[in-house]
Amino acid sequence: MSARYDAVVVGGGHNGLVAAATLARAGRRVCVLERADRLGGMAAGGAFPDGTPMPRIAHLLYNLSPAVLNELGFGAGGPVETRALPTVCLDPEGRHVVVRDGSPVLADGRPHPEAEAYRRLAARLVRFGGLLARLADAPPPQVSERLADLAGMRRLGPLAALGWDFRKLGRGDRREFLRIVLSNAHDVILDELSDGPLAGSLAADAVRGAWAGPRAPGTVFSLMYRLARGGGAALPLGGMDAVIAALADRARSLGAALRTGAEVTEVRVEGDRACGVRLADGEEIAAGAVLVATAPGAAMRLAGPAHYDIEAVRRLRNMRAKGTAAKLNLRLDGLPEVPGLGPELLGGRLLLAPSVEQVERAFDPVKYGRVSEAPVIEAVIPSLTDPQAAPHGGHVLSAIVQYVPHAPEGGWTGAARDRLRDVALAALETALPGLSARVTAAETLTPSDIEAATGAPGGHWHHGELSLDQLLTVRPVNGMARYRFGPAGHYLCGAGAHPGGDVMGAPGRNAARVALADATAGEAAA
Amino acid sequence: MNARDSFAGRAATPVPQGLIDGPFHQRLAALNHARAWYDWAGYAAPSVLDTVEFEYFALRNAASLFDISPMRKFRVAGPQAEAMLNRMVTRDVARLAPGRVAYVLWCDEEGMVIDDGTLFRFGPDDFRLCCQEPMFGWLEDAAWGFDCAVTDETDALAALALQGPTSHAILKAAGLDLGDLRPFAHREVAPGLAISRTGFTGDLGYEFWGAWDAALPLWDRLWEAGRAHGLRAVGYEAVNIARIEAGFLTAGVDFQPVHAAERLHRGRTPRELGLERLVDFGKGHFNGRRALLAAEKRGPRSRLLRLDVEGHKPAQGALIYHGRRREVGHVTSGTWSPTAKRNIALAEVRAPWGTTKSGDLWAEIYTCEEGVWERRMVRARPQRAAFYRPARARATPPADF
Ligand SMILES: Cc1cc2nc3c(=O)[nH]c(=O)nc-3n(C[C@H](O)[C@H](O)[C@H](O)COP(=O)(O)OP(=O)(O)OC[C@H]3O[C@@H](n4cnc5c(N)ncnc54)[C@H](O)[C@@H]3O)c2cc1C
């Protein structure tokens with residue numbers, strides 16, 4: 001045994017780093033082991049061939065947990081400087097809509113006819129999202145009988161028992177919450193708005209990363225999740241990589257050891273207690289606790305199914321995780337002139353989701369293993385806002401492309417990958433004509449590439465679908481919702497745990513706090 | 001011609017309807033004067049062939065043949081078969097030597113018993129599990145992640161129980177001298193035919209395991225050898241009396257197998273069934289271990305007791321009272337034991353009356369004689385040992401009778 005730590009953290013994505021920093025801050029000796037050559041996981045940066053930084057997978061902050069920031073001492077400014085971006089709902093007809101602080105206007109400055117309806121709907125969803133945000137900062141409460149029974153969600157009592165704090169909602173809001181919480185985004189959005197780019201943008205936000213179209217039940221919940229912290233999107237200056245660097249620096253300065261190129265192949269268990277890990281090169285590291293930030297199924301396999309109950313293994317195996325989000329990163333030698341979209345708007349969060357209906361239709365092909373011909377896209381050109389984004393000149397465009405199957409018919413051949421790039425480019429062309437001509441380098445990451453790079457099953461955004469049957473007390477699966485993961489001293493601390501994915505940090509923080517509480521209780525008993 | 005017969009122009013293969021025949025059916029049908037069949041896992045199985053009394057006394061005083069082919073039989077083989085089974089059952093499989101059989105239990109994640117059965121070990125990597133309940137899907141789940149294969153041998157393997165004091169003499173007469181075979185041992189005596197010294201009666205006895213289509217010659221061979229030794233074919237009713245005497249549990253009768261329970265809290269832990277000796281907390285993780293450790297701390301909610309009931313009216317279904325007033329449980333199996341000459345019962349009794357203060361228990365027995373109902377409160381005294389446990393069941397070599 002080479003070293004002895006109080007805890008090792010498997011996976012150096014942002015959640016692993018937050019978990020390590022949280023533990024180190026409490027005086028524990030911690031080591032993070034990351035398989036890849038760089039930290040960050042899905043939030044890790046990359047580079048184009050000319051050295052220009054690339055926002056490889058994740059690109060915007062929507063959901064970073066204030067509790068994490070406070071506890072790690074980042075203060076109100078957060079780990080890096082950010083810029084709030086307007087949302088620009090692209091319209092193939094040119095009637096683009098801009099949303100700032102929850103209020104839409106037409107891109108040419110004229111008022112949007114449905115501005116008031118949108119404001120009311122968005123404000124309500126943000127209020128409901130706030131309930132979720134409060135739930136995010138603690139393990140889901142224990143309930144004696146499981147709430148897998150979704151009928152329970154139609155009544156306030158069981159939800160209150162789950163920790164939903166309804167006191168801040170008025171009577172009408174409470175009724176409205178119960179009416180829509182289990183329903184689908186399509187109906188809730190189109191009850192208030194006519195179909196078009198503005199409605200489409202909400203639908204796109206409801207299904208980002210999901211294996212679901214906006215007509216699927218549960219998509220109102222995921223929309224609330226997306227809007228939990230006000231619904232804005234912020235561009236971190238220096239990219240997601242800077243966020244990861246800041247978290248890594250904080251963990252290091254608190255005393256955590258961070259290792260890359262260290263693949264864990266086994267979590268060692270003795271006497272029903274995790275006692276360390278083994279690395280691919282055979283090195284063994286002893287530790288009092290092991291926190292795993294990989295997907296839940298992979299975390300179970302690291303300890304071995306023999307250490308789990310049969311039912312738990314079955315649930316973990318069957319946790320749904322089919323990623324649908326691909327990434328297209330473009331290096332541009334300049335920007336096309338887009339009538340009606342000046343640099344300020346082009347630098348916003350560009351949403352290509354012309355209508356709710358088209359978002360739903362974009363989902364259909366992926367069910368049959370095919371790429372959407374008219375994909376839903378969230379794109380950002382960070383170089384318009386952040387001078388560090390393209391230090392050698394030109395521009396960078398980062399696009400999340402949905403829906404793209406993880407395992408397409410015929411597999412991800414080179415030709416299939418090129419076609420995905422062309423389909424995505426063609427879709428962007430409809431709103432940004434002339435874009436293709438400016439591309440000097442492109443990287444396409446399919447869900448399967450994302451899986452290979454990070455280990456997330458299916459390349460899934462949340463390490464496992466964020467659907468009604470896989471959240472709160474049943475996330476990742478029934479019986480394992482409170483971060484303790486099988487043998488004593490083994491914890492799940494990544495996006496597969498409550499509350500879920502996004503660059504948020506809540507799973508890492510909450511899991512570390514449970515591990516700390518357990519260690520303290522163990523020390524008191526000893 | 002109906003539509004089904006003409007479908008795709010093919011001749012229809014008859015789909016069996018109702019109960020299907022087991023491998024010994026021809027012989028059993030010829031002997032079944034009572035014509036009493038019941039459904040055992042889809043097979044027509046005899047409840048009585050002649051009269052219960054004749055069959056029971058043959059079983060206890062001479063020998064009996066009982067078809068146990070409808071039992072579920074699963075082969076588990078592969079380099080990690082032992083690890084897989086050890087994670088499933090509550091006993092330590094590593095301590096089961098090849099050639100031996102163990103009585104095992106397995107629980108769900110909440111520590112509630114799914115079923116019990118016998119586990120045969122053939123070699124380091126080769127096992128067979130026999131039990132009552134259909135279990136293949138569960139075993140597939142249990143085997144996930146382990147390098148081993150589970151095969152359902154239920155319909156490929158005929159099984160026959162030869163039980164009673166003269167069973168060893170019959171074996172010898174059949175040319176099978178297994179005098180050195182110890183209780184809970186098994187051996188292959190000919191290619192494809194294995195014999196184990198196991199049974200469900202608490203007495204000396206053997207079980208035969210062979211190919212389905214070689215079943216009738218096996219039956220005939222034993223039948224022939226048994227002529228001079230009082231051998232009788234028996235039905236379930238006689239076996240049931242014997243198993244209550246021996247204190248063996250029947251799933252679905254004495255406890256609710258948790259997979260068959262739809263209501264909450266109907267499952268039982270091994271300790272609640274009085275089977276805690278079959279749970280080895282020290283061997284490493286097994287299914288339900290963490291829940292069972294927590295249950296140990298809380299204490300059992302109830303306990304399955306062996307009761308000696310006053311009088312001679314079978315206590316089947318009777319409610320159990322404490323101090324004649326407080327209802328604290330119910331009889332799960334009750335019978336008059338002709339051999340022990342006692343009125344015996346298995347009963348589930350709630351804590352603490354079933355656990356720490358199990359005195360002053362009463363059974364409320366209803367009887368009906370020619371249309372007149374009577375109710376009696378009779379003493380019910382907990383017993384530690386089985387009601388019937390003859391030394392001959394354990395002697396090696398067994399004596400001839
Ligand atoms: C295309 C796409 C775009 C996204 N865009 C955004 C966005 O803009 N904003 C946002 O908030 N969220 C976004 N997300 C989601 C977000 O990136 C993830 O939810 C989040 O980064 C997950 O963080 P994590 O720390 O839980 O796990 P990960 O980031 O997946 O980290 C897990 C780490 O564990 C490592 N690992 C795995 N196995 C082992 C092993 N055996 N040994 C050692 N290390 C191991 C992996 O290499 C990885 O680094 C996006 C997701 C996708 C798929």
# chains A, B, ... in the order shown; residues from 1 in each chain; ligands from 1
>>> residues_near_ligand(ligand="ligand 1", cutoff="6 Å", atoms="only C-alpha atoms and all ligand atoms", output="ChimeraX atom specification")
/A:10-16,33-36,40-43,57-62,262-265,293-294,325-327,400,454-456,459-462,494-495,501-503
>>> write_last_selection(atoms="N, CA and C atoms", output="compact mmCIF listing (two decimals), in the first residue's frame")
# COMPACT_ATOMS: atom_id res chain seq x y z
N VAL A 10 -13.01 8.98 -6.85
CA VAL A 10 -12.78 8.41 -8.17
C VAL A 10 -13.48 9.29 -9.20
N GLY A 11 -12.69 9.92 -10.07
CA GLY A 11 -13.26 10.79 -11.09
C GLY A 11 -13.03 12.24 -10.75
N GLY A 12 -12.30 12.90 -11.63
CA GLY A 12 -11.97 14.30 -11.40
C GLY A 12 -12.78 15.23 -12.26
N GLY A 13 -14.07 14.93 -12.43
CA GLY A 13 -14.99 15.91 -13.02
C GLY A 13 -15.26 16.96 -11.96
N HIS A 14 -16.16 17.91 -12.28
CA HIS A 14 -16.35 18.99 -11.31
C HIS A 14 -16.93 18.46 -10.00
N ASN A 15 -17.78 17.43 -10.08
CA ASN A 15 -18.35 16.90 -8.84
C ASN A 15 -17.29 16.22 -7.97
N GLY A 16 -16.37 15.51 -8.61
CA GLY A 16 -15.28 14.90 -7.85
C GLY A 16 -14.44 15.96 -7.17
N LEU A 33 -8.62 10.74 -8.06
CA LEU A 33 -8.00 9.93 -9.10
C LEU A 33 -8.80 10.07 -10.38
N GLU A 34 -8.19 10.65 -11.38
CA GLU A 34 -8.88 10.88 -12.66
C GLU A 34 -8.19 10.07 -13.75
N ARG A 35 -9.01 9.34 -14.49
CA ARG A 35 -8.49 8.47 -15.54
C ARG A 35 -7.88 9.25 -16.70
N ALA A 36 -8.55 10.32 -17.09
CA ALA A 36 -8.09 11.09 -18.26
C ALA A 36 -6.82 11.87 -17.92
N GLY A 40 -11.74 17.50 -15.17
CA GLY A 40 -12.91 18.21 -15.68
C GLY A 40 -14.03 17.33 -16.17
N GLY A 41 -13.73 16.11 -16.61
CA GLY A 41 -14.80 15.23 -17.11
C GLY A 41 -15.55 15.91 -18.24
N MET A 42 -16.85 15.99 -18.11
CA MET A 42 -17.67 16.60 -19.16
C MET A 42 -17.49 18.11 -19.22
N ALA A 43 -16.85 18.66 -18.22
CA ALA A 43 -16.60 20.11 -18.25
C ALA A 43 -15.14 20.40 -18.60
N ILE A 57 -17.06 19.91 -24.24
CA ILE A 57 -18.41 19.34 -24.08
C ILE A 57 -19.33 20.43 -23.48
N ALA A 58 -19.27 20.63 -22.17
CA ALA A 58 -20.15 21.64 -21.57
C ALA A 58 -19.62 23.03 -21.89
N HIS A 59 -20.54 24.01 -22.04
CA HIS A 59 -20.05 25.34 -22.41
C HIS A 59 -20.64 26.50 -21.58
N LEU A 60 -21.80 26.32 -20.96
CA LEU A 60 -22.41 27.43 -20.23
C LEU A 60 -22.77 27.01 -18.81
N LEU A 61 -22.82 27.97 -17.92
CA LEU A 61 -23.25 27.70 -16.55
C LEU A 61 -24.72 28.07 -16.43
N TYR A 62 -25.54 27.07 -16.02
CA TYR A 62 -26.95 27.39 -15.79
C TYR A 62 -27.31 27.19 -14.32
N ALA A 262 -4.86 8.34 -13.80
CA ALA A 262 -4.96 7.31 -12.77
C ALA A 262 -6.32 6.64 -12.88
N GLU A 263 -6.37 5.51 -13.57
CA GLU A 263 -7.65 4.83 -13.76
C GLU A 263 -7.88 3.83 -12.63
N VAL A 264 -9.00 3.99 -11.97
CA VAL A 264 -9.36 3.04 -10.91
C VAL A 264 -10.04 1.84 -11.55
N THR A 265 -9.56 0.64 -11.23
CA THR A 265 -10.18 -0.56 -11.79
C THR A 265 -10.97 -1.32 -10.75
N ALA A 293 -17.45 9.29 -8.59
CA ALA A 293 -18.18 10.27 -9.38
C ALA A 293 -18.52 9.74 -10.78
N THR A 294 -18.30 8.46 -11.00
CA THR A 294 -18.68 7.90 -12.29
C THR A 294 -20.17 7.61 -12.25
N ALA A 325 -27.39 14.04 -26.80
CA ALA A 325 -26.75 15.32 -27.12
C ALA A 325 -25.35 15.08 -27.68
N ALA A 326 -25.12 15.64 -28.86
CA ALA A 326 -23.78 15.60 -29.45
C ALA A 326 -23.20 17.00 -29.38
N LYS A 327 -21.94 17.10 -29.69
CA LYS A 327 -21.30 18.39 -29.62
C LYS A 327 -20.61 18.67 -30.95
N ILE A 400 -24.43 22.47 -29.01
CA ILE A 400 -24.98 21.21 -28.51
C ILE A 400 -26.09 20.81 -29.47
N THR A 454 -15.53 10.14 -21.15
CA THR A 454 -15.85 10.41 -19.73
C THR A 454 -16.37 9.21 -18.97
N GLY A 455 -16.76 8.17 -19.68
CA GLY A 455 -17.33 7.00 -19.02
C GLY A 455 -18.82 7.12 -18.77
N ALA A 456 -19.42 8.26 -19.07
CA ALA A 456 -20.87 8.40 -18.84
C ALA A 456 -21.61 7.43 -19.76
N GLY A 459 -23.16 8.30 -23.05
CA GLY A 459 -22.76 9.69 -23.19
C GLY A 459 -23.79 10.62 -22.56
N HIS A 460 -24.51 10.10 -21.57
CA HIS A 460 -25.67 10.86 -21.06
C HIS A 460 -25.24 12.05 -20.21
N TRP A 461 -25.86 13.16 -20.51
CA TRP A 461 -25.65 14.45 -19.85
C TRP A 461 -25.68 14.32 -18.33
N HIS A 462 -26.68 13.57 -17.82
CA HIS A 462 -26.87 13.44 -16.37
C HIS A 462 -26.37 12.09 -15.84
N GLY A 494 -21.45 11.71 -8.21
CA GLY A 494 -21.50 12.35 -9.52
C GLY A 494 -22.92 12.67 -9.94
N ALA A 495 -23.05 13.04 -11.22
CA ALA A 495 -24.33 13.50 -11.75
C ALA A 495 -25.43 12.44 -11.65
N GLY A 501 -27.37 16.08 -13.06
CA GLY A 501 -26.24 16.65 -13.78
C GLY A 501 -26.32 18.15 -13.96
N ASP A 502 -25.52 18.65 -14.86
CA ASP A 502 -25.18 20.06 -15.09
C ASP A 502 -23.94 20.37 -14.26
N VAL A 503 -23.27 21.42 -14.64
CA VAL A 503 -22.14 21.87 -13.84
C VAL A 503 -22.75 22.61 -12.66
>>> interface_residues(of="chain B", to="chain A", cutoff="9 Å", atoms="only C-alpha atoms", output="list in words")
Ala83, Met84, Asn86, Arg87, Met88, Asp108, Glu109, Trp138, Asp141, Ala142, Ala143, Trp144, Gly145, Phe146, Gly282, Lys283, Gly284, His285, Phe286, Asn287, Gly288, Arg289 and Arg290 of chain B
>>> select_by_dssp(residues="stretch 18-102 of chain B", states="strand (DSSP E or B)", output="list in words")
Ile20, Ala36, Trp37, Tyr38, Asp39, Trp40, Tyr43, Ala44, Ala45, Pro46, Ser47, Val48, Ala63, Ser64, Leu65, Phe66, Asp67, Arg72, Lys73, Phe74, Arg75, Val76, Ala77, Val89, Arg100, Val101 and Ala102 of chain B
>>> write_last_selection(atoms="C-alpha atoms", output="PDB file, in the first residue's frame")
ATOM      1  CA  ILE B  20     -49.599 -32.148 -17.340  1.00  0.00           C
ATOM      2  CA  ALA B  36     -57.073 -37.416  -6.047  1.00  0.00           C
ATOM      3  CA  TRP B  37     -54.735 -35.176  -8.001  1.00  0.00           C
ATOM      4  CA  TYR B  38     -53.586 -31.713  -7.158  1.00  0.00           C
ATOM      5  CA  ASP B  39     -51.678 -29.061  -9.027  1.00  0.00           C
ATOM      6  CA  TRP B  40     -48.004 -28.977  -8.154  1.00  0.00           C
ATOM      7  CA  TYR B  43     -48.055 -31.130 -12.859  1.00  0.00           C
ATOM      8  CA  ALA B  44     -50.752 -33.571 -11.802  1.00  0.00           C
ATOM      9  CA  ALA B  45     -49.464 -34.799  -8.454  1.00  0.00           C
ATOM     10  CA  PRO B  46     -51.266 -37.280  -6.181  1.00  0.00           C
ATOM     11  CA  SER B  47     -52.614 -35.978  -2.897  1.00  0.00           C
ATOM     12  CA  VAL B  48     -53.751 -39.446  -1.908  1.00  0.00           C
ATOM     13  CA  ALA B  63     -40.974 -47.262   3.005  1.00  0.00           C
ATOM     14  CA  SER B  64     -42.660 -44.847   0.631  1.00  0.00           C
ATOM     15  CA  LEU B  65     -42.155 -43.581  -2.898  1.00  0.00           C
ATOM     16  CA  PHE B  66     -43.132 -39.996  -3.642  1.00  0.00           C
ATOM     17  CA  ASP B  67     -42.654 -38.227  -6.949  1.00  0.00           C
ATOM     18  CA  ARG B  72     -37.673 -26.597  -9.476  1.00  0.00           C
ATOM     19  CA  LYS B  73     -34.117 -27.693 -10.242  1.00  0.00           C
ATOM     20  CA  PHE B  74     -31.428 -25.295 -11.371  1.00  0.00           C
ATOM     21  CA  ARG B  75     -27.879 -26.036 -12.347  1.00  0.00           C
ATOM     22  CA  VAL B  76     -25.374 -23.329 -11.500  1.00  0.00           C
ATOM     23  CA  ALA B  77     -21.970 -23.938 -13.029  1.00  0.00           C
ATOM     24  CA  VAL B  89     -27.972 -17.702   0.016  1.00  0.00           C
ATOM     25  CA  ARG B 100     -22.557 -32.797  -0.008  1.00  0.00           C
ATOM     26  CA  VAL B 101     -25.993 -31.203   0.174  1.00  0.00           C
ATOM     27  CA  ALA B 102     -26.975 -28.187   2.258  1.00  0.00           C
TER      28      ALA B 102
END
>>> select_by_dssp(residues="stretch 252-326 of chain B", states="helix (DSSP H, G or I)", output="MDAnalysis selection string")
chainID B and resid 258:260 271:273 276:278 281:283 289:298
>>> write_last_selection(atoms="C-alpha atoms", output="PDB file, in the first residue's frame")
ATOM      1  CA  VAL B 258     -41.855 -12.752  -0.278  1.00  0.00           C
ATOM      2  CA  HIS B 259     -42.002 -12.796  -4.068  1.00  0.00           C
ATOM      3  CA  ALA B 260     -45.504 -14.202  -3.842  1.00  0.00           C
ATOM      4  CA  ARG B 271     -35.012 -15.593  12.514  1.00  0.00           C
ATOM      5  CA  GLU B 272     -38.754 -15.104  12.435  1.00  0.00           C
ATOM      6  CA  LEU B 273     -38.996 -18.563  10.892  1.00  0.00           C
ATOM      7  CA  GLU B 276     -31.323 -18.118  12.157  1.00  0.00           C
ATOM      8  CA  ARG B 277     -28.795 -20.946  12.400  1.00  0.00           C
ATOM      9  CA  LEU B 278     -28.766 -20.929   8.600  1.00  0.00           C
ATOM     10  CA  PHE B 281     -23.185 -12.993   8.961  1.00  0.00           C
ATOM     11  CA  GLY B 282     -19.449 -13.576   8.986  1.00  0.00           C
ATOM     12  CA  LYS B 283     -18.991 -14.884   5.445  1.00  0.00           C
ATOM     13  CA  ARG B 289     -27.424  -9.027   4.838  1.00  0.00           C
ATOM     14  CA  ARG B 290     -27.472  -5.327   5.653  1.00  0.00           C
ATOM     15  CA  ALA B 291     -31.222  -5.389   6.178  1.00  0.00           C
ATOM     16  CA  LEU B 292     -30.947  -8.502   8.339  1.00  0.00           C
ATOM     17  CA  LEU B 293     -28.290  -6.901  10.528  1.00  0.00           C
ATOM     18  CA  ALA B 294     -30.666  -4.005  11.081  1.00  0.00           C
ATOM     19  CA  ALA B 295     -33.495  -6.466  11.770  1.00  0.00           C
ATOM     20  CA  GLU B 296     -31.310  -8.234  14.354  1.00  0.00           C
ATOM     21  CA  LYS B 297     -31.021  -4.945  16.196  1.00  0.00           C
ATOM     22  CA  ARG B 298     -34.758  -4.341  16.136  1.00  0.00           C
TER      23      ARG B 298
END
>>> closest_residue(among="A:Arg349, A:Arg315, A:Arg438, A:His392", to="A:Asp205", atoms="only C-alpha atoms")
A:Arg349
>>> closest_residue(among="A:Glu116, A:Ala427, A:Ile450, A:Leu492", to="A:Arg513", atoms="only C-alpha atoms")
A:Leu492
>>> residues_around(residues="B:Gly192", least_positions_apart="4", cutoff="12 Å", atoms="only C-alpha atoms", output="list in words")
Ala156, Leu157, Ala158, Ala159, Arg187, Glu188, Phe208, Trp209, Gly210, Ala211, Trp212, Asp213, Ala214, Ala215 and Leu218 of chain B
>>> residues_around(residues="B:Leu49", least_positions_apart="5", cutoff="8 Å", atoms="only C-alpha atoms", output="ChimeraX atom specification")
/B:28,31-36,233-235
>>> write_last_selection(atoms="N, CA, C and O atoms", output="short mmCIF file (atom, residue, chain, number, x, y, z; two decimals), in the first residue's frame")
data_model
loop_
_atom_site.label_atom_id
_atom_site.label_comp_id
_atom_site.auth_asym_id
_atom_site.auth_seq_id
_atom_site.Cartn_x
_atom_site.Cartn_y
_atom_site.Cartn_z
N LEU B 28 -48.13 -43.86 -11.40
CA LEU B 28 -48.96 -43.23 -10.36
C LEU B 28 -50.44 -43.36 -10.72
O LEU B 28 -51.29 -43.63 -9.86
N LEU B 31 -51.89 -46.57 -9.86
CA LEU B 31 -52.02 -46.81 -8.42
C LEU B 31 -53.02 -45.87 -7.76
O LEU B 31 -53.36 -46.04 -6.59
N ASN B 32 -53.46 -44.85 -8.49
CA ASN B 32 -54.24 -43.80 -7.84
C ASN B 32 -55.71 -44.19 -7.74
O ASN B 32 -56.56 -43.69 -8.47
N HIS B 33 -56.02 -45.06 -6.79
CA HIS B 33 -57.40 -45.51 -6.60
C HIS B 33 -58.27 -44.38 -6.10
O HIS B 33 -59.45 -44.32 -6.39
N ALA B 34 -57.68 -43.49 -5.34
CA ALA B 34 -58.45 -42.35 -4.81
C ALA B 34 -58.73 -41.32 -5.88
O ALA B 34 -59.62 -40.49 -5.75
N ARG B 35 -57.98 -41.39 -6.96
CA ARG B 35 -58.10 -40.42 -8.07
C ARG B 35 -58.04 -38.98 -7.56
O ARG B 35 -58.78 -38.12 -8.02
N ALA B 36 -57.20 -38.76 -6.60
CA ALA B 36 -57.07 -37.42 -6.05
C ALA B 36 -55.77 -36.81 -6.55
O ALA B 36 -54.69 -37.21 -6.16
N ALA B 233 -46.50 -46.47 -2.73
CA ALA B 233 -46.47 -45.12 -3.30
C ALA B 233 -47.36 -44.24 -2.44
O ALA B 233 -48.41 -44.70 -1.97
N VAL B 234 -46.93 -43.00 -2.21
CA VAL B 234 -47.72 -42.13 -1.34
C VAL B 234 -48.01 -40.80 -2.01
O VAL B 234 -47.33 -40.40 -2.95
N GLY B 235 -49.03 -40.14 -1.48
CA GLY B 235 -49.40 -38.82 -1.97
C GLY B 235 -48.97 -37.75 -0.98
O GLY B 235 -48.42 -38.04 0.10
#
>>> residues_around(residues="stretch 382-398 of chain B", least_positions_apart="6", cutoff="7 Å", atoms="only C-alpha atoms", output="number ranges by chain")
B: 168, 179-180, 182-183, 202-204, 245-247, 305-308, 340
>>> write_last_selection(atoms="C-alpha atoms", output="tab-separated table (two decimals), in the first residue's frame")
chain	number	residue	atom	x	y	z
B	168	HIS	CA	-31.84	-48.61	2.78
B	179	GLY	CA	-24.34	-48.07	3.24
B	180	ASP	CA	-21.54	-45.55	3.57
B	182	ARG	CA	-23.94	-40.19	5.12
B	183	PRO	CA	-26.89	-37.87	5.70
B	202	GLY	CA	-37.17	-36.45	9.00
B	203	ASP	CA	-36.58	-40.17	8.66
B	204	LEU	CA	-34.04	-42.36	6.93
B	245	GLU	CA	-43.66	-34.02	12.60
B	246	ALA	CA	-40.15	-33.34	11.38
B	247	GLY	CA	-40.71	-29.61	11.79
B	305	LEU	CA	-43.09	-21.95	17.03
B	306	ARG	CA	-43.53	-25.69	17.30
B	307	LEU	CA	-46.50	-26.21	19.56
B	308	ASP	CA	-47.70	-29.22	21.48
B	340	ALA	CA	-45.50	-39.01	18.43
>>> residues_around(residues="A:Tyr118", least_positions_apart="4", cutoff="8 Å", atoms="only C-alpha atoms", output="list in words")
Gly102, Ser103, Pro104, Glu114, Ala122, Glu192 and Leu193 of chain A
>>> residues_around(residues="B:Arg342", least_positions_apart="3", cutoff="12 Å", atoms="only C-alpha atoms", output="PyMOL selection string")
chain B and resi 244-245+307-315+334-339+345+380-381+383+387-388
>>> closest_residue(among="B:Ile195, B:Val328, B:Ala185, B:Ala173", to="B:Arg221", atoms="only C-alpha atoms")
B:Ala173
>>> atom_distance(atom1="atom CA of A:Ala21", atom2="atom CA of A:Pro387")
29.6 Å
>>> atom_distance(atom1="atom CA of A:Ala107", atom2="atom CA of A:Gly342")
9.3 Å
>>> closest_residue(among="B:Ile68, B:Trp219, B:Pro124, B:Cys148", to="B:Gln26", atoms="only C-alpha atoms")
B:Trp219
>>> atom_distance(atom1="atom CA of B:Thr166", atom2="atom CA of B:Trp223")
12.8 Å
